[in-house]
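For reference, the structure discussed in these notes is given below.
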Amino acid sequence: LVGAACERIVKAAMELGYRHFDTAGLYGNEPEVGRAVKGVERSELFITSKVSSEHLRANDVVLACTASLSRLDADYLDLYLIHWPNDEIPIEQTVDGL
């Protein structure tokens, strides 16, 4: 989900007690998730995002993560995952970026 619907759903989930939110740059909803969690103590949240398969070179991982943090308006992620592997990029490069 993207847009206002995403923001409303995340806020409703928080009212029900949810504190883990899983997003990704590919989903296109990081800004909405970031806006929805504003006002909640960051240490009370667990936010996961993912790097896409075309950004698995070390420097690209760092840039993708930085962009996700910016879109989420967050200082850190609790978990950053590889969305899907890419056989053309050695996993060592990805791990270096992570």
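Every chain in the structure tokens has a letter given in the order shown (A, B, ...), and although residue numbers restart at 1 in each chain, ligands are simply numbered from 1 in the order shown.
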
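Within 12 Å of Glu44 in chain A, once only C-alpha atoms are used and residues closer than 6 positions along the same chain are dropped, the contacting residues are Met14, Gly17, Tyr18, Arg19, His20, Phe21, Val37, Lys38 and Asp78 of chain A.
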
Run DSSP on the backbone and tell me which residues of chain A come out as strand (DSSP E); list them as a short mmCIF file (atom, residue, chain, number, x, y, z; two decimals) with N, CA and C atoms, in the first residue's frame.
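File written: states-v8.cif
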```cif
data_model
loop_
_atom_site.label_atom_id
_atom_site.label_comp_id
_atom_site.auth_asym_id
_atom_site.auth_seq_id
_atom_site.Cartn_x
_atom_site.Cartn_y
_atom_site.Cartn_z
N HIS A 20 6.27 -3.42 14.90
CA HIS A 20 7.21 -3.86 13.87
C HIS A 20 6.62 -3.54 12.51
N PHE A 21 7.36 -2.78 11.74
CA PHE A 21 6.91 -2.40 10.40
C PHE A 21 7.98 -2.79 9.39
N ASP A 22 7.54 -3.48 8.36
CA ASP A 22 8.42 -4.02 7.33
C ASP A 22 8.13 -3.30 6.02
N PHE A 46 10.28 -1.28 15.80
CA PHE A 46 11.23 -2.15 15.11
C PHE A 46 10.93 -1.98 13.63
N ILE A 47 11.82 -1.31 12.92
CA ILE A 47 11.59 -1.01 11.51
C ILE A 47 12.58 -1.79 10.64
N THR A 48 12.02 -2.52 9.69
CA THR A 48 12.78 -3.31 8.74
C THR A 48 12.63 -2.70 7.35
N SER A 49 13.70 -2.66 6.60
CA SER A 49 13.63 -2.30 5.19
C SER A 49 14.56 -3.24 4.44
N LYS A 50 14.55 -3.11 3.11
CA LYS A 50 15.29 -4.04 2.27
C LYS A 50 15.99 -3.30 1.12
N VAL A 51 17.13 -3.85 0.73
CA VAL A 51 17.85 -3.35 -0.43
C VAL A 51 17.46 -4.23 -1.63
N LEU A 79 16.57 -3.57 11.21
CA LEU A 79 16.96 -4.70 10.37
C LEU A 79 16.95 -4.24 8.92
N TYR A 80 18.03 -4.56 8.21
CA TYR A 80 18.12 -4.23 6.79
C TYR A 80 18.43 -5.52 6.06
N LEU A 81 17.58 -5.90 5.15
CA LEU A 81 17.65 -7.19 4.47
C LEU A 81 17.96 -7.05 2.99
N ILE A 82 18.45 -8.12 2.40
CA ILE A 82 18.57 -8.23 0.95
C ILE A 82 17.20 -8.69 0.45
#
```

Please return as a PyMOL selection string: the residues of chain A that backbone DSSP assigns to helix (DSSP H, G or I). chain A and resi 3-15+25-27+30-37+42-44+53-55+58-72+91-97

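Here CA of Ala64 in chain A is placed at a distance of 23.8 Å from CA of Ala4 in chain A.
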
What separation in Å, quoted to one decimal, exists between CA of Gln93 in chain A and CA of Ser52 in chain A? 14.0 Å

I need the residue nearest Val40 in chain A from this list: A:Asp87, A:Glu15, A:Glu54, A:Glu92. Use only C-alpha atoms for the distance. A:Glu15

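Atom pair CA of Leu16 in chain A / CA of Arg35 in chain A has a distance of 17.5 Å (rounded to one decimal).
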
What's the 12 Å shell around Val2 in chain A, counting only C-alpha atoms, without same-chain residues fewer than 4 positions away, as a list of chain:residue names? A:Cys6, A:Glu7, A:Arg8, A:Ile9, A:Val10, A:Thr23, A:Ala24, A:Gly25, A:Leu26, A:Tyr27, A:Gly28, A:Asn29, A:Glu30, A:Pro31, A:Glu32, A:Val33, A:Gly34, A:Ala36

List as a ChimeraX atom specification the protein and nucleic acid residues near Thr94 in chain A, meaning an atom at most 10 Å away when only C-alpha atoms are counted, but skip any in the same chain fewer than 2 places from it. /A:51,53,55-62,82,85-86,89-92,96-98
